[in-house]
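Single-structure report; data block below.
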Amino acid sequence: MVSFDDSAVDLHFIGNATVLLRYGDLTLLTDPNFLHRGEHAHLGYGLVSRRLTEPALDPWELPRLDAVVLSHLHGDHWDRRARRQLDRSVPIVTTPHAARRLRSWQGFRQAGGLRTWESCTFRQGDAQVRVTSLPGRHSLRPVLRRLLPPVMGSMLEFGPRGGPARLRLYVSGDTLLYDGLEEIARRFPDADLAVLHLGGTTLPGGFVVTMDGAQGAELARRLDYRHVLPVHYDDYTVFRSPLDAFLTEARALGLQERLVHCRLGQHARVVAAEERPTVR
């Protein structure tokens with residue numbers, strides 16, 4: 001017997017793509033973005049985007065972290081507040097591209113890169129989580145793919161130490177919809193929650209580099225996971241596809257019962273095989 005509810009994860013939506021996850025004694029953070037309203041995220045090549053919202057927490061308010069799962073190295077996913085205020089000994093699971101830069105330029109010596117389909121496992125107390133790197137593309141245009149940082153999705157499989165996975169969370173990362181994502185559902189046919197990065201992020205020239213509402217809803221349909229939580233949709237000026245666009249498209253595909261309405265600052269308790277997460 002384990003000493004915790006090994007079928008439940010507490011999710012705290014801090015804002016943008018930043019989510020704090022607690023499972024027993026394990027604590028994970030995704031895509032740490034703690035810029036405040038009015039501050040600018042640096043997206044590379046002189047591009048910046050102004051934040052429109054306040055994060056629900058500041059870095060110094062976080063609990064002790066067992067790991068950070070970072071989809072890619074962009075200023076709205078890893079910002080200067082994270083760089084300055086997170087513990088440099090915390091393990092960071094990310095792309096090989098981001099891991100090299102975090103270790104060599106920023107002093108995060110425990111940053112490790114996973115190639116697509118590679119995994120690593122973290123344990124704390126009676127709990128463990130297996131993190132698997134999944135496919136993602138920030139752009140479908142070869143020219144832009146060379147300019148944008150590589151991105152990964154991730155599958156987080158929570159379970160008791162040494163035991164089988166009890167609960168699975170998919171985090172899309174900043175990807176567009178493309179056929180390669182369907183392999184995720186083939187390899188992981190069951191997940192309890194899909195956390196989808198949306199927003200229809202649009203760069204100068206009209207280049208869209210994250211899923212808009214229609215793409216997000218279609219990915220949710222293709223994956224066919226139990227529940228869907230939209231994130232990354234109204235925090236920055238480069239976002240052009242609002243949350244309502246995704247909700248409308250999801251309802252048109254008959255997915256309304258799967259949607260989790262966890263807004264910025266709220267918690268959701270995700271329970272394996274339960275009908276709907278509890279939001280507070």
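Chain lettering (A, B, ...) mirrors the order of the structure tokens, residue numbering begins at 1 for each chain separately, and ligand numbering begins at 1 in order of display.
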
Counting only C-alpha atoms, which residues of range 211-241 of chain A fall within 8 Å of range 170-190 of chain A, and what is the closest atom pair for each with its distance in Å at one decimal, ordered by chain and rising number, as CSV?
residue,atom,partner,partner_atom,distance
A:Met211,CA,A:Leu176,CA,4.9
A:Gln215,CA,A:Leu177,CA,5.8
A:Gly216,CA,A:Leu177,CA,7.5
A:Leu219,CA,A:Leu177,CA,6.6
A:Arg222,CA,A:Glu182,CA,6.9
A:Leu223,CA,A:Ala185,CA,5.3
A:Asp224,CA,A:Ala185,CA,7.9
A:Tyr225,CA,A:Asp190,CA,6.2
A:Arg226,CA,A:Asp190,CA,7.7

Keeping C-alpha atoms, export the residues of the selection given above as a short mmCIF file (atom, residue, chain, number, x, y, z; two decimals), in the first residue's frame.
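File written: part-v6.cif
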data_model
loop_
_atom_site.label_atom_id
_atom_site.label_comp_id
_atom_site.auth_asym_id
_atom_site.auth_seq_id
_atom_site.Cartn_x
_atom_site.Cartn_y
_atom_site.Cartn_z
CA MET A 211 -2.37 25.70 -32.81
CA GLN A 215 -6.31 22.81 -34.88
CA GLY A 216 -6.49 22.28 -31.12
CA LEU A 219 -5.94 17.28 -32.24
CA ARG A 222 -7.61 12.58 -33.05
CA LEU A 223 -6.00 11.75 -29.71
CA ASP A 224 -9.34 10.85 -28.14
CA TYR A 225 -8.04 11.37 -24.59
CA ARG A 226 -10.40 11.43 -21.65
#

Show me a table, sorted first by chain and then by increasing residue number, of the residues of range 33-108 of chain A having an atom at most 7 Å from range 145-152 of chain A, each with its shortest atom pair and the distance in Å to one decimal, counting only C-alpha atoms and written as JSON lines.
{"residue": "A:Ser71", "atom": "CA", "partner": "A:Met152", "partner_atom": "CA", "distance": 5.0}
{"residue": "A:His72", "atom": "CA", "partner": "A:Val151", "partner_atom": "CA", "distance": 4.8}
{"residue": "A:Leu73", "atom": "CA", "partner": "A:Pro149", "partner_atom": "CA", "distance": 6.5}
{"residue": "A:Thr95", "atom": "CA", "partner": "A:Met152", "partner_atom": "CA", "distance": 6.5}
{"residue": "A:His97", "atom": "CA", "partner": "A:Pro150", "partner_atom": "CA", "distance": 6.9}

Save the residues we just selected, C-alpha atoms, as a compact mmCIF listing (two decimals), in the first residue's frame?
# COMPACT_ATOMS: atom_id res chain seq x y z
CA SER A 71 8.91 22.20 -24.08
CA HIS A 72 11.38 24.61 -25.70
CA LEU A 73 13.52 27.66 -25.15
CA THR A 95 15.04 19.23 -25.86
CA HIS A 97 18.96 22.09 -27.99

Original post:
Quick one: of A:Arg130, A:Arg123, A:His40, A:Arg64, who's nearest to Leu52 in chain A, counting only C-alpha atoms?
Top reply: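 Using only C-alpha atoms, Leu52 in chain A sits closest to A:His40.
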
**OP:** Check the DSSP output for the backbone and give back, as a ChimeraX atom specification, the residues of range 64-124 of chain A in alpha helix (DSSP H).
**Re:** /A:80-85,96-106

Name the residues in contact with range 2-17 of chain A at a cut-off of 6 Å, using only C-alpha atoms, excluding same-chain residues fewer than 4 positions from it; report them as a PDB file with N, CA, C and O atoms, in the first residue's frame.
ATOM      1  N   LEU A  21       2.292  20.710 -10.965  1.00  0.00           N
ATOM      2  CA  LEU A  21       1.678  19.395 -10.800  1.00  0.00           C
ATOM      3  C   LEU A  21       2.203  18.737  -9.535  1.00  0.00           C
ATOM      4  O   LEU A  21       3.432  18.680  -9.319  1.00  0.00           O
ATOM      5  N   ARG A  22       1.285  18.219  -8.716  1.00  0.00           N
ATOM      6  CA  ARG A  22       1.674  17.524  -7.482  1.00  0.00           C
ATOM      7  C   ARG A  22       1.036  16.147  -7.467  1.00  0.00           C
ATOM      8  O   ARG A  22      -0.171  16.003  -7.659  1.00  0.00           O
ATOM      9  N   TYR A  23       1.890  15.175  -7.213  1.00  0.00           N
ATOM     10  CA  TYR A  23       1.447  13.783  -7.133  1.00  0.00           C
ATOM     11  C   TYR A  23       2.183  13.153  -5.952  1.00  0.00           C
ATOM     12  O   TYR A  23       3.394  12.910  -6.033  1.00  0.00           O
ATOM     13  N   GLY A  24       1.487  12.938  -4.857  1.00  0.00           N
ATOM     14  CA  GLY A  24       2.149  12.486  -3.652  1.00  0.00           C
ATOM     15  C   GLY A  24       3.219  13.486  -3.255  1.00  0.00           C
ATOM     16  O   GLY A  24       2.972  14.689  -3.175  1.00  0.00           O
ATOM     17  N   ASP A  31       7.066  24.562 -18.267  1.00  0.00           N
ATOM     18  CA  ASP A  31       7.276  25.823 -19.002  1.00  0.00           C
ATOM     19  C   ASP A  31       7.195  27.067 -18.119  1.00  0.00           C
ATOM     20  O   ASP A  31       6.245  27.847 -18.226  1.00  0.00           O
ATOM     21  N   PRO A  55       0.824  36.304 -13.715  1.00  0.00           N
ATOM     22  CA  PRO A  55       0.920  34.904 -13.292  1.00  0.00           C
ATOM     23  C   PRO A  55       0.271  34.720 -11.919  1.00  0.00           C
ATOM     24  O   PRO A  55       0.249  35.645 -11.107  1.00  0.00           O
ATOM     25  N   ALA A  56      -0.244  33.534 -11.668  1.00  0.00           N
ATOM     26  CA  ALA A  56      -0.904  33.258 -10.388  1.00  0.00           C
ATOM     27  C   ALA A  56       0.090  33.153  -9.236  1.00  0.00           C
ATOM     28  O   ALA A  56      -0.280  33.330  -8.077  1.00  0.00           O
ATOM     29  N   ARG A 166      -0.455   4.941 -13.151  1.00  0.00           N
ATOM     30  CA  ARG A 166      -1.862   5.017 -12.777  1.00  0.00           C
ATOM     31  C   ARG A 166      -2.595   6.137 -13.499  1.00  0.00           C
ATOM     32  O   ARG A 166      -3.817   6.105 -13.629  1.00  0.00           O
ATOM     33  N   VAL A 231      -4.584  25.658 -22.599  1.00  0.00           N
ATOM     34  CA  VAL A 231      -3.725  26.670 -21.978  1.00  0.00           C
ATOM     35  C   VAL A 231      -3.094  27.482 -23.101  1.00  0.00           C
ATOM     36  O   VAL A 231      -3.312  27.214 -24.268  1.00  0.00           O
ATOM     37  N   HIS A 232      -2.329  28.557 -22.718  1.00  0.00           N
ATOM     38  CA  HIS A 232      -1.530  29.274 -23.718  1.00  0.00           C
ATOM     39  C   HIS A 232      -2.438  29.897 -24.773  1.00  0.00           C
ATOM     40  O   HIS A 232      -2.329  29.628 -25.954  1.00  0.00           O
ATOM     41  N   ASP A 235      -2.391  35.198 -23.084  1.00  0.00           N
ATOM     42  CA  ASP A 235      -1.412  35.846 -22.215  1.00  0.00           C
ATOM     43  C   ASP A 235      -0.507  36.844 -22.924  1.00  0.00           C
ATOM     44  O   ASP A 235       0.102  37.689 -22.272  1.00  0.00           O
ATOM     45  N   LEU A 264      -6.875  30.598 -15.167  1.00  0.00           N
ATOM     46  CA  LEU A 264      -5.652  31.040 -14.521  1.00  0.00           C
ATOM     47  C   LEU A 264      -5.853  31.159 -13.011  1.00  0.00           C
ATOM     48  O   LEU A 264      -6.817  31.776 -12.550  1.00  0.00           O
ATOM     49  N   GLY A 265      -4.969  30.543 -12.238  1.00  0.00           N
ATOM     50  CA  GLY A 265      -5.026  30.594 -10.788  1.00  0.00           C
ATOM     51  C   GLY A 265      -5.820  29.476 -10.149  1.00  0.00           C
ATOM     52  O   GLY A 265      -5.731  29.277  -8.927  1.00  0.00           O
ATOM     53  N   GLN A 266      -6.585  28.734 -10.932  1.00  0.00           N
ATOM     54  CA  GLN A 266      -7.401  27.667 -10.366  1.00  0.00           C
ATOM     55  C   GLN A 266      -6.632  26.346 -10.292  1.00  0.00           C
ATOM     56  O   GLN A 266      -5.603  26.162 -10.939  1.00  0.00           O
ATOM     57  N   HIS A 267      -7.172  25.436  -9.460  1.00  0.00           N
ATOM     58  CA  HIS A 267      -6.650  24.081  -9.334  1.00  0.00           C
ATOM     59  C   HIS A 267      -7.645  23.111  -9.963  1.00  0.00           C
ATOM     60  O   HIS A 267      -8.856  23.323  -9.920  1.00  0.00           O
ATOM     61  N   ALA A 268      -7.116  22.025 -10.507  1.00  0.00           N
ATOM     62  CA  ALA A 268      -7.954  20.917 -10.963  1.00  0.00           C
ATOM     63  C   ALA A 268      -7.387  19.629 -10.378  1.00  0.00           C
ATOM     64  O   ALA A 268      -6.171  19.401 -10.436  1.00  0.00           O
ATOM     65  N   ARG A 269      -8.241  18.810  -9.816  1.00  0.00           N
ATOM     66  CA  ARG A 269      -7.823  17.502  -9.304  1.00  0.00           C
ATOM     67  C   ARG A 269      -8.178  16.470 -10.366  1.00  0.00           C
ATOM     68  O   ARG A 269      -9.356  16.221 -10.636  1.00  0.00           O
ATOM     69  N   VAL A 270      -7.150  15.898 -10.966  1.00  0.00           N
ATOM     70  CA  VAL A 270      -7.327  14.946 -12.053  1.00  0.00           C
ATOM     71  C   VAL A 270      -7.218  13.538 -11.468  1.00  0.00           C
ATOM     72  O   VAL A 270      -6.199  13.188 -10.868  1.00  0.00           O
ATOM     73  N   VAL A 271      -8.269  12.750 -11.640  1.00  0.00           N
ATOM     74  CA  VAL A 271      -8.308  11.405 -11.085  1.00  0.00           C
ATOM     75  C   VAL A 271      -8.392  10.406 -12.233  1.00  0.00           C
ATOM     76  O   VAL A 271      -9.170  10.592 -13.173  1.00  0.00           O
ATOM     77  N   ALA A 272      -7.602   9.354 -12.166  1.00  0.00           N
ATOM     78  CA  ALA A 272      -7.578   8.353 -13.229  1.00  0.00           C
ATOM     79  C   ALA A 272      -8.959   7.787 -13.472  1.00  0.00           C
ATOM     80  O   ALA A 272      -9.655   7.378 -12.537  1.00  0.00           O
TER      81      ALA A 272
END

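With only C-alpha atoms as the basis for measurement, A:Leu86 is the residue among A:Ala250, A:Val48, A:Leu86, A:Ala67 that approaches Asn33 in chain A most closely.
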
**OP:** Write out as an MDAnalysis selection string which residues come within 10 Å of Val260 in chain A when counting only C-alpha atoms, dropping same-chain ones fewer than 3 positions away.
**Re:** chainID A and resid 193:195 227:230 256:257 263 268 270 276:279

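Of note, CA of Asp234 in chain A and CA of Leu43 in chain A are spaced 16.6 Å apart.
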
Original post:
Contacts of Val90 in chain A at 9 Å or less, counting only C-alpha atoms, minus same-chain residues fewer than 2 places along, as a list in words?
Top reply: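 Here the answer would be Leu65, Asp66, Ala67, Val68, Leu86, Asp87, Arg88, Ile92, Phe108, Arg109, Gln110 and Ala111 of chain A.
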
Can you write out the residues you just picked, keeping C-alpha atoms, as a PDB file, in the first residue's frame?
ATOM      1  CA  LEU A  65      10.513  21.259  -7.279  1.00  0.00           C
ATOM      2  CA  ASP A  66      11.585  17.749  -8.247  1.00  0.00           C
ATOM      3  CA  ALA A  67      11.823  18.651 -11.934  1.00  0.00           C
ATOM      4  CA  VAL A  68      10.889  21.177 -14.598  1.00  0.00           C
ATOM      5  CA  LEU A  86      14.724  29.103  -9.966  1.00  0.00           C
ATOM      6  CA  ASP A  87      17.159  26.833  -8.143  1.00  0.00           C
ATOM      7  CA  ARG A  88      20.003  26.062 -10.540  1.00  0.00           C
ATOM      8  CA  ILE A  92      15.146  20.238 -16.228  1.00  0.00           C
ATOM      9  CA  PHE A 108      21.424  24.935 -14.854  1.00  0.00           C
ATOM     10  CA  ARG A 109      23.756  21.962 -14.569  1.00  0.00           C
ATOM     11  CA  GLN A 110      20.960  19.378 -14.207  1.00  0.00           C
ATOM     12  CA  ALA A 111      19.314  20.263 -17.541  1.00  0.00           C
TER      13      ALA A 111
END

Original post:
For Gly206 in chain A, which of A:Arg240, A:Arg161, A:Tyr45, A:His138 is the closest residue, counting only C-alpha atoms?
Top reply: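 For Gly206 in chain A, the nearest of the candidates is A:Arg240.
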